[in-house]
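Student: My structure is in protein-v9.cif, and what it holds is mmCIF, C-alpha atoms:
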```
data_upload
loop_
_atom_site.label_atom_id
_atom_site.label_comp_id
_atom_site.auth_asym_id
_atom_site.auth_seq_id
_atom_site.Cartn_x
_atom_site.Cartn_y
_atom_site.Cartn_z
CA MET A 1 -27.41 -3.01 33.47
CA SER A 2 -26.41 -5.24 30.56
CA PRO A 3 -29.07 -6.42 28.05
CA ALA A 4 -28.36 -10.02 29.08
CA LYS A 5 -29.01 -9.30 32.77
CA ALA A 6 -32.16 -7.32 31.96
CA HIS A 7 -33.43 -10.24 29.86
CA LEU A 8 -32.72 -12.69 32.68
CA LEU A 9 -34.62 -10.53 35.16
CA ARG A 10 -37.64 -10.27 32.84
CA MET A 11 -37.71 -14.05 32.35
CA THR A 12 -37.30 -14.76 36.07
CA ALA A 13 -40.08 -12.33 37.00
CA ALA A 14 -42.36 -13.84 34.37
CA GLN A 15 -41.80 -17.35 35.72
CA LEU A 16 -42.33 -16.21 39.30
CA SER A 17 -45.56 -14.51 38.25
CA LYS A 18 -46.91 -17.84 37.08
CA GLU A 19 -46.24 -19.52 40.42
CA SER A 20 -49.21 -20.04 42.73
CA GLY A 21 -47.05 -19.57 45.81
CA SER A 22 -43.87 -17.65 46.51
CA GLY A 23 -41.99 -19.01 43.52
CA ALA A 24 -39.43 -20.63 45.81
CA HIS A 25 -38.69 -23.51 43.43
CA VAL A 26 -38.63 -21.55 40.17
CA ASN A 27 -35.50 -19.52 39.56
CA ALA A 28 -35.13 -19.14 43.30
CA SER A 29 -31.66 -17.66 42.92
CA GLY A 30 -32.94 -14.93 40.58
CA TYR A 31 -35.72 -13.92 42.95
CA ALA A 32 -33.33 -14.10 45.92
CA LEU A 33 -30.99 -11.75 44.07
CA MET A 34 -33.77 -9.20 43.61
CA LEU A 35 -34.85 -9.53 47.25
CA HIS A 36 -31.24 -8.95 48.28
CA LYS A 37 -31.08 -5.79 46.17
CA LEU A 38 -34.42 -4.64 47.58
CA ALA A 39 -33.20 -5.15 51.14
CA SER A 40 -30.02 -3.20 50.35
CA ASP A 41 -32.02 -0.31 48.87
CA LYS A 42 -34.33 -0.29 51.89
CA ARG A 43 -31.35 -0.03 54.21
CA ARG A 44 -30.07 2.91 52.20
CA LEU A 45 -33.47 4.61 52.44
CA LYS A 46 -33.59 4.13 56.22
CA GLN A 47 -30.36 6.07 56.53
CA ILE A 48 -31.93 9.11 54.81
CA GLN A 49 -33.89 11.40 57.13
CA SER A 50 -35.13 13.94 54.58
CA LEU A 51 -38.39 12.91 52.91
CA SER A 52 -37.53 14.76 49.70
CA ARG A 53 -34.15 13.04 49.56
CA LYS A 54 -35.81 9.67 50.13
CA ILE A 55 -38.03 10.35 47.13
CA ASP A 56 -35.04 11.37 45.03
CA ALA A 57 -33.27 8.16 46.06
CA LYS A 58 -36.28 6.06 45.07
CA ARG A 59 -36.37 7.76 41.67
CA GLU A 60 -32.72 6.85 41.28
CA MET A 61 -33.35 3.22 42.27
CA LEU A 62 -36.48 2.51 40.23
CA PRO A 63 -34.89 2.04 36.76
CA ASP A 64 -32.97 -0.97 38.11
CA TYR A 65 -36.29 -2.73 38.70
CA ALA A 66 -37.79 -1.98 35.28
CA PRO A 67 -36.91 -5.35 33.66
CA TRP A 68 -38.38 -7.21 36.63
CA ILE A 69 -41.62 -5.23 36.47
CA SER A 70 -41.86 -5.72 32.72
CA GLY A 71 -41.46 -9.48 33.07
CA ALA A 72 -44.02 -9.82 35.86
CA LEU A 73 -46.68 -7.78 34.08
CA SER A 74 -46.14 -9.45 30.71
CA ALA A 75 -46.73 -12.90 32.20
CA GLN A 76 -49.92 -11.89 34.05
CA GLY A 77 -49.58 -15.02 36.18
CA GLY A 78 -50.68 -13.53 39.47
CA GLY A 79 -47.98 -15.02 41.70
CA GLN A 80 -47.15 -13.13 44.89
CA ASP A 81 -44.08 -10.92 44.40
CA GLU A 82 -42.60 -8.74 47.15
CA VAL A 83 -40.35 -6.90 44.70
CA LEU A 84 -43.23 -5.94 42.43
CA MET A 85 -45.42 -4.74 45.28
CA THR A 86 -42.69 -2.67 46.94
CA VAL A 87 -41.72 -1.02 43.66
CA MET A 88 -45.38 -0.15 43.07
CA VAL A 89 -45.43 1.75 46.37
CA TRP A 90 -42.19 3.53 45.50
CA MET A 91 -43.62 4.61 42.15
CA ILE A 92 -46.59 6.14 43.94
CA ASP A 93 -44.29 7.83 46.46
CA THR A 94 -42.37 9.48 43.62
CA GLY A 95 -45.56 10.65 41.89
CA ASN A 96 -45.12 8.32 38.92
CA PHE A 97 -48.77 7.30 38.74
CA THR A 98 -48.52 6.37 35.05
CA ALA A 99 -46.03 3.61 35.81
CA ALA A 100 -47.76 2.51 39.02
CA LEU A 101 -51.29 2.10 37.66
CA PRO A 102 -50.67 -1.04 35.54
CA ILE A 103 -49.17 -2.70 38.63
CA VAL A 104 -52.15 -1.60 40.74
CA ARG A 105 -54.59 -3.07 38.23
CA TYR A 106 -52.62 -6.30 38.12
CA ALA A 107 -52.32 -6.54 41.91
CA ILE A 108 -56.01 -5.93 42.54
CA LYS A 109 -57.03 -8.34 39.79
CA HIS A 110 -54.92 -11.13 41.29
CA LYS A 111 -55.60 -10.18 44.91
CA LEU A 112 -51.92 -9.74 45.77
CA PHE A 113 -50.98 -8.51 49.21
CA LEU A 114 -48.46 -5.94 50.37
CA PRO A 115 -45.23 -6.85 52.20
CA ASP A 116 -45.55 -7.12 55.97
CA GLN A 117 -44.22 -3.63 56.76
CA TYR A 118 -47.31 -2.05 55.19
CA GLN A 119 -50.19 -2.12 57.66
CA ARG A 120 -52.98 -1.12 55.28
CA THR A 121 -54.78 -3.14 52.63
CA LEU A 122 -53.58 -2.77 49.05
CA SER A 123 -56.47 -0.58 47.89
CA CYS A 124 -56.43 1.59 50.99
CA LEU A 125 -52.70 2.24 50.72
CA VAL A 126 -52.81 2.98 46.99
CA VAL A 127 -55.70 5.43 47.27
CA GLU A 128 -54.36 7.23 50.33
CA GLU A 129 -50.77 7.44 49.09
CA MET A 130 -51.81 8.71 45.65
CA ALA A 131 -54.08 11.34 47.17
CA ASP A 132 -51.42 12.45 49.66
CA THR A 133 -48.70 12.56 46.99
CA ALA A 134 -50.93 14.65 44.73
CA MET A 135 -51.78 17.11 47.50
CA ASN A 136 -48.17 17.40 48.64
CA GLY A 137 -47.17 18.15 45.07
CA ARG A 138 -49.89 20.74 44.78
CA ALA A 139 -48.50 22.52 47.86
CA LEU A 140 -45.19 22.77 45.99
CA GLY A 141 -46.85 24.20 42.90
CA GLU A 142 -47.05 20.96 40.92
CA VAL A 143 -50.03 20.10 38.70
CA ILE A 144 -52.25 17.33 40.03
CA ASP A 145 -52.46 14.27 37.78
CA VAL A 146 -56.26 14.26 37.58
CA ALA A 147 -56.42 11.48 34.98
CA GLY A 148 -54.29 9.20 37.15
CA LEU A 149 -56.40 9.89 40.24
CA GLN A 150 -59.64 9.33 38.33
CA GLU A 151 -58.30 6.05 37.02
CA ILE A 152 -57.41 4.86 40.51
CA ALA A 153 -60.91 5.88 41.66
CA GLU A 154 -62.33 3.68 38.92
CA ILE A 155 -59.99 0.76 39.68
CA THR A 156 -60.81 0.79 43.40
CA GLN A 157 -64.50 1.68 43.15
CA ALA A 158 -65.66 -1.68 44.50
CA GLU A 159 -62.85 -2.06 47.06
CA ASP A 160 -63.48 -1.70 50.78
CA MET A 161 -61.64 1.09 52.62
CA PRO A 162 -62.37 3.79 55.23
CA ASP A 163 -64.63 6.59 53.96
CA GLN A 164 -62.03 9.16 55.03
CA VAL A 165 -59.51 7.63 52.64
CA LYS A 166 -61.81 7.74 49.64
CA ALA A 167 -62.75 11.32 50.61
CA LYS A 168 -59.05 12.24 50.36
CA LEU A 169 -59.01 10.96 46.79
CA PHE A 170 -62.12 12.90 45.76
CA LYS A 171 -60.72 16.01 47.43
CA ALA A 172 -57.46 15.75 45.47
CA ILE A 173 -59.36 15.25 42.20
CA ALA A 174 -61.51 18.28 42.99
CA TYR A 175 -58.49 20.51 43.50
CA GLY A 176 -57.01 19.24 40.26
CA LEU A 177 -60.19 20.14 38.37
CA SER A 178 -60.96 23.42 40.14
CA GLU A 179 -59.24 25.69 37.62
CA HIS A 180 -60.56 24.32 34.34
CA ASN A 181 -63.73 22.38 35.21
CA LYS A 182 -65.47 23.99 38.16
CA PRO A 183 -68.76 22.02 37.96
CA ALA A 184 -66.90 18.70 38.01
CA ALA A 185 -64.65 19.95 40.83
CA ALA A 186 -67.69 20.97 42.87
CA ASP A 187 -69.19 17.53 42.37
CA TYR A 188 -66.05 15.85 43.67
CA PHE A 189 -65.95 18.23 46.65
CA ARG A 190 -69.54 17.22 47.46
CA GLN A 191 -68.68 13.53 47.21
CA ALA A 192 -65.75 14.08 49.57
CA LEU A 193 -67.99 15.89 52.05
CA ALA A 194 -70.62 13.18 51.90
CA LEU A 195 -68.01 10.61 52.87
CA HIS A 196 -66.19 12.73 55.46
CA PRO A 197 -67.84 16.00 56.58
CA LYS A 198 -64.63 17.15 58.27
CA CYS A 199 -62.36 16.68 55.25
CA GLY A 200 -61.72 20.44 55.05
CA VAL A 201 -63.29 21.44 51.76
CA ILE A 202 -66.42 23.37 52.80
CA LYS A 203 -64.90 26.82 52.21
CA ASP A 204 -63.36 25.74 48.91
CA LEU A 205 -66.70 24.37 47.75
CA GLU A 206 -68.53 27.54 48.79
CA LYS A 207 -65.97 29.65 46.91
CA LEU A 208 -66.34 27.48 43.83
CA GLU A 209 -70.14 27.70 43.96
CA ARG A 210 -69.96 31.50 44.24
CA GLU A 211 -67.64 31.68 41.24
CA MET A 212 -69.98 29.49 39.17
CA LYS A 213 -73.00 31.55 40.28
CA ASN A 214 -71.30 34.82 39.35
CA LYS A 215 -70.22 33.48 35.98
CA ALA A 216 -73.77 32.30 35.25
CA ALA A 217 -75.12 35.75 36.20
CA GLU A 218 -72.79 37.41 33.69
CA LYS A 219 -74.32 35.54 30.78
#
```
When written as structure tokens, how does the structure in this file appear?

Tutor:
Amino acid sequence: MSPAKAHLLRMTAAQLSKESGSGAHVNASGYALMLHKLASDKRRLKQIQSLSRKIDAKREMLPDYAPWISGALSAQGGGQDEVLMTVMVWMIDTGNFTAALPIVRYAIKHKLFLPDQYQRTLSCLVVEEMADTAMNGRALGEVIDVAGLQEIAEITQAEDMPDQVKAKLFKAIAYGLSEHNKPAAADYFRQALALHPKCGVIKDLEKLEREMKNKAAEK
């Protein structure tokens, strides 16, 4: 992407952000261009059956949206933006919580809504997808981004969502902490259990409590 095109995308996204509605009368052609690209990328993703390959494809696509995201966030206008919201979900899908979190904060602050194909509320989707992505990565031997998950817990603390979803988040944080901070991990396991008794952490919590008890007895 040329510097001139990247600059144009940043400016268009910034102006759209300041619109109270869809931004239809401000740089409509620029927004339409991004929606066209988004639709094209979605069609490409639908043709991919493998989940891991879908994720790889999203990673490949995301840099093209960077100028748009930068422009929208810099303006802080709060206008509804389908491109911004879809890219946020893709960032979460690819495990890039660091890049997704500023968009999440912005979206919750301005009460933005997800595109129609997403059936859950913004907070519910973000929490559940981040927790699922973290746990799927853990199953593949990846390190859980505890700081990112704790930040999303803080951001969404006052948001309404099913208890089972928030339990997933606490469970993922607990697993991420279990190796280097057992007391904190146990606390998160207990919070998960309090919200959803069948969340599947009872044995892990019991094991952690035994390990802490044995370590205390050695002192």

Student: What is the atom CA of Asn136 of chain A-atom CA of Ser123 of chain A distance in Å, reported with one decimal?

Tutor: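 Distance between the two atoms: 19.8 Å.
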
Student: Find the residues around segment 191-199 of chain A up to 8 Å (all atoms listed in the file counted), leave out those fewer than 6 positions away in its own chain, and share them as a list in words.

Tutor: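 After dropping sequence-adjacent residues, the list is Asp163, Gln164, Lys166, Ala167, Lys168, Leu169, Phe170 and Lys171 of chain A.
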
Student: Mind checking which residues fall within 9 Å of Glu82 of chain A, counting all atoms listed in the file, ignoring those fewer than 2 positions away in the same chain, and posting them as a list in words?

Tutor: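 Residues near the query, excluding close chain neighbours: Leu35, Gln80, Leu84, Met85, Thr86, Val87, Phe113, Leu114 and Pro115 of chain A.
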
Student: To one decimal in Å, tell me the separation between atom CA of Val89 of chain A and atom CA of Pro3 of chain A.

Tutor: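 One can read the atom CA of Val89 of chain A to atom CA of Pro3 of chain A distance as 25.9 Å.
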
Student: For the file shown, what are the residues hit by the PyMOL selection byres ((chain A and resi 151) around 12), laid out as a PyMOL selection string?

Tutor: chain A and resi 97-98+100-102+104-105+126-127+130+145-150+152-157+169-170+173

Student: Could you please determine the separation between atom CA of Gln119 of chain A and atom CA of Asp81 of chain A in Å, to one decimal place?

Tutor: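 Atom-to-atom, atom CA of Gln119 of chain A to atom CA of Asp81 of chain A, that is 17.0 Å.
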
Student: Could you tell me which residues the PyMOL selection byres ((chain A and resi 38) around 12) grabs in this file, written as a PyMOL selection string?

Tutor: chain A and resi 31-37+39-45+58+61-62+64-65+68+81-87+90+115

Student: Output C-alpha atoms for every residue in the selection just made, as a JSON list (two decimals), in the coordinates of the input.

Tutor:
```json
[["chain", "number", "residue", "atom", "x", "y", "z"],
["A", 31, "TYR", "CA", -35.72, -13.92, 42.95],
["A", 32, "ALA", "CA", -33.33, -14.10, 45.92],
["A", 33, "LEU", "CA", -30.99, -11.75, 44.07],
["A", 34, "MET", "CA", -33.77, -9.20, 43.61],
["A", 35, "LEU", "CA", -34.85, -9.53, 47.25],
["A", 36, "HIS", "CA", -31.24, -8.95, 48.28],
["A", 37, "LYS", "CA", -31.08, -5.79, 46.17],
["A", 39, "ALA", "CA", -33.20, -5.15, 51.14],
["A", 40, "SER", "CA", -30.02, -3.20, 50.35],
["A", 41, "ASP", "CA", -32.02, -0.31, 48.87],
["A", 42, "LYS", "CA", -34.33, -0.29, 51.89],
["A", 43, "ARG", "CA", -31.35, -0.03, 54.21],
["A", 44, "ARG", "CA", -30.07, 2.91, 52.20],
["A", 45, "LEU", "CA", -33.47, 4.61, 52.44],
["A", 58, "LYS", "CA", -36.28, 6.06, 45.07],
["A", 61, "MET", "CA", -33.35, 3.22, 42.27],
["A", 62, "LEU", "CA", -36.48, 2.51, 40.23],
["A", 64, "ASP", "CA", -32.97, -0.97, 38.11],
["A", 65, "TYR", "CA", -36.29, -2.73, 38.70],
["A", 68, "TRP", "CA", -38.38, -7.21, 36.63],
["A", 81, "ASP", "CA", -44.08, -10.92, 44.40],
["A", 82, "GLU", "CA", -42.60, -8.74, 47.15],
["A", 83, "VAL", "CA", -40.35, -6.90, 44.70],
["A", 84, "LEU", "CA", -43.23, -5.94, 42.43],
["A", 85, "MET", "CA", -45.42, -4.74, 45.28],
["A", 86, "THR", "CA", -42.69, -2.67, 46.94],
["A", 87, "VAL", "CA", -41.72, -1.02, 43.66],
["A", 90, "TRP", "CA", -42.19, 3.53, 45.50],
["A", 115, "PRO", "CA", -45.23, -6.85, 52.20]]
```

Student: Taking N, CA and C atoms as the atom set, what does segment 123-150 of chain A look like once completed, written as an mmCIF file, keeping the file's coordinate frame?

Tutor:
```
data_model
loop_
_atom_site.group_PDB
_atom_site.id
_atom_site.type_symbol
_atom_site.label_atom_id
_atom_site.label_comp_id
_atom_site.auth_asym_id
_atom_site.auth_seq_id
_atom_site.Cartn_x
_atom_site.Cartn_y
_atom_site.Cartn_z
ATOM 1 N N SER A 123 -55.669 -1.677 48.437
ATOM 2 C CA SER A 123 -56.470 -0.580 47.890
ATOM 3 C C SER A 123 -56.411 0.657 48.763
ATOM 4 N N CYS A 124 -56.478 0.463 50.063
ATOM 5 C CA CYS A 124 -56.430 1.590 50.990
ATOM 6 C C CYS A 124 -55.105 2.333 50.865
ATOM 7 N N LEU A 125 -54.005 1.593 50.838
ATOM 8 C CA LEU A 125 -52.700 2.240 50.720
ATOM 9 C C LEU A 125 -52.566 2.991 49.406
ATOM 10 N N VAL A 126 -52.958 2.353 48.311
ATOM 11 C CA VAL A 126 -52.810 2.980 46.990
ATOM 12 C C VAL A 126 -53.607 4.276 46.911
ATOM 13 N N VAL A 127 -54.856 4.240 47.338
ATOM 14 C CA VAL A 127 -55.700 5.430 47.270
ATOM 15 C C VAL A 127 -55.166 6.546 48.147
ATOM 16 N N GLU A 128 -54.822 6.200 49.395
ATOM 17 C CA GLU A 128 -54.360 7.230 50.330
ATOM 18 C C GLU A 128 -53.015 7.808 49.909
ATOM 19 N N GLU A 129 -52.094 6.958 49.483
ATOM 20 C CA GLU A 129 -50.770 7.440 49.090
ATOM 21 C C GLU A 129 -50.843 8.293 47.826
ATOM 22 N N MET A 130 -51.680 7.904 46.874
ATOM 23 C CA MET A 130 -51.810 8.710 45.650
ATOM 24 C C MET A 130 -52.422 10.068 45.961
ATOM 25 N N ALA A 131 -53.440 10.071 46.806
ATOM 26 C CA ALA A 131 -54.080 11.340 47.170
ATOM 27 C C ALA A 131 -53.108 12.235 47.928
ATOM 28 N N ASP A 132 -52.384 11.666 48.880
ATOM 29 C CA ASP A 132 -51.420 12.450 49.660
ATOM 30 C C ASP A 132 -50.286 12.980 48.782
ATOM 31 N N THR A 133 -49.783 12.135 47.886
ATOM 32 C CA THR A 133 -48.700 12.560 46.990
ATOM 33 C C THR A 133 -49.167 13.706 46.094
ATOM 34 N N ALA A 134 -50.391 13.598 45.588
ATOM 35 C CA ALA A 134 -50.930 14.650 44.730
ATOM 36 C C ALA A 134 -51.081 15.968 45.487
ATOM 37 N N MET A 135 -51.584 15.895 46.719
ATOM 38 C CA MET A 135 -51.780 17.110 47.500
ATOM 39 C C MET A 135 -50.457 17.722 47.949
ATOM 40 N N ASN A 136 -49.491 16.882 48.278
ATOM 41 C CA ASN A 136 -48.170 17.400 48.640
ATOM 42 C C ASN A 136 -47.516 18.093 47.447
ATOM 43 N N GLY A 137 -47.696 17.521 46.274
ATOM 44 C CA GLY A 137 -47.170 18.150 45.070
ATOM 45 C C GLY A 137 -47.840 19.457 44.776
ATOM 46 N N ARG A 138 -49.143 19.501 45.000
ATOM 47 C CA ARG A 138 -49.890 20.740 44.780
ATOM 48 C C ARG A 138 -49.361 21.856 45.680
ATOM 49 N N ALA A 139 -49.034 21.525 46.916
ATOM 50 C CA ALA A 139 -48.500 22.520 47.860
ATOM 51 C C ALA A 139 -47.175 23.085 47.383
ATOM 52 N N LEU A 140 -46.474 22.319 46.535
ATOM 53 C CA LEU A 140 -45.190 22.770 45.990
ATOM 54 C C LEU A 140 -45.342 23.391 44.610
ATOM 55 N N GLY A 141 -46.596 23.568 44.181
ATOM 56 C CA GLY A 141 -46.850 24.200 42.900
ATOM 57 C C GLY A 141 -46.934 23.253 41.722
ATOM 58 N N GLU A 142 -46.960 21.947 41.994
ATOM 59 C CA GLU A 142 -47.050 20.960 40.920
ATOM 60 C C GLU A 142 -48.505 20.767 40.489
ATOM 61 N N VAL A 143 -48.682 20.354 39.244
ATOM 62 C CA VAL A 143 -50.030 20.100 38.700
ATOM 63 C C VAL A 143 -50.490 18.715 39.133
ATOM 64 N N ILE A 144 -51.702 18.619 39.601
ATOM 65 C CA ILE A 144 -52.250 17.330 40.030
ATOM 66 C C ILE A 144 -52.582 16.480 38.807
ATOM 67 N N ASP A 145 -52.173 15.224 38.854
ATOM 68 C CA ASP A 145 -52.460 14.270 37.780
ATOM 69 C C ASP A 145 -53.905 13.782 37.929
ATOM 70 N N VAL A 146 -54.832 14.574 37.421
ATOM 71 C CA VAL A 146 -56.260 14.260 37.580
ATOM 72 C C VAL A 146 -56.609 12.930 36.918
ATOM 73 N N ALA A 147 -56.100 12.716 35.709
ATOM 74 C CA ALA A 147 -56.420 11.480 34.980
ATOM 75 C C ALA A 147 -55.979 10.256 35.767
ATOM 76 N N GLY A 148 -54.784 10.325 36.356
ATOM 77 C CA GLY A 148 -54.290 9.200 37.150
ATOM 78 C C GLY A 148 -55.149 8.947 38.375
ATOM 79 N N LEU A 149 -55.565 10.031 39.044
ATOM 80 C CA LEU A 149 -56.400 9.890 40.240
ATOM 81 C C LEU A 149 -57.791 9.359 39.876
ATOM 82 N N GLN A 150 -58.328 9.830 38.757
ATOM 83 C CA GLN A 150 -59.640 9.330 38.330
ATOM 84 C C GLN A 150 -59.567 7.861 37.953
#
```
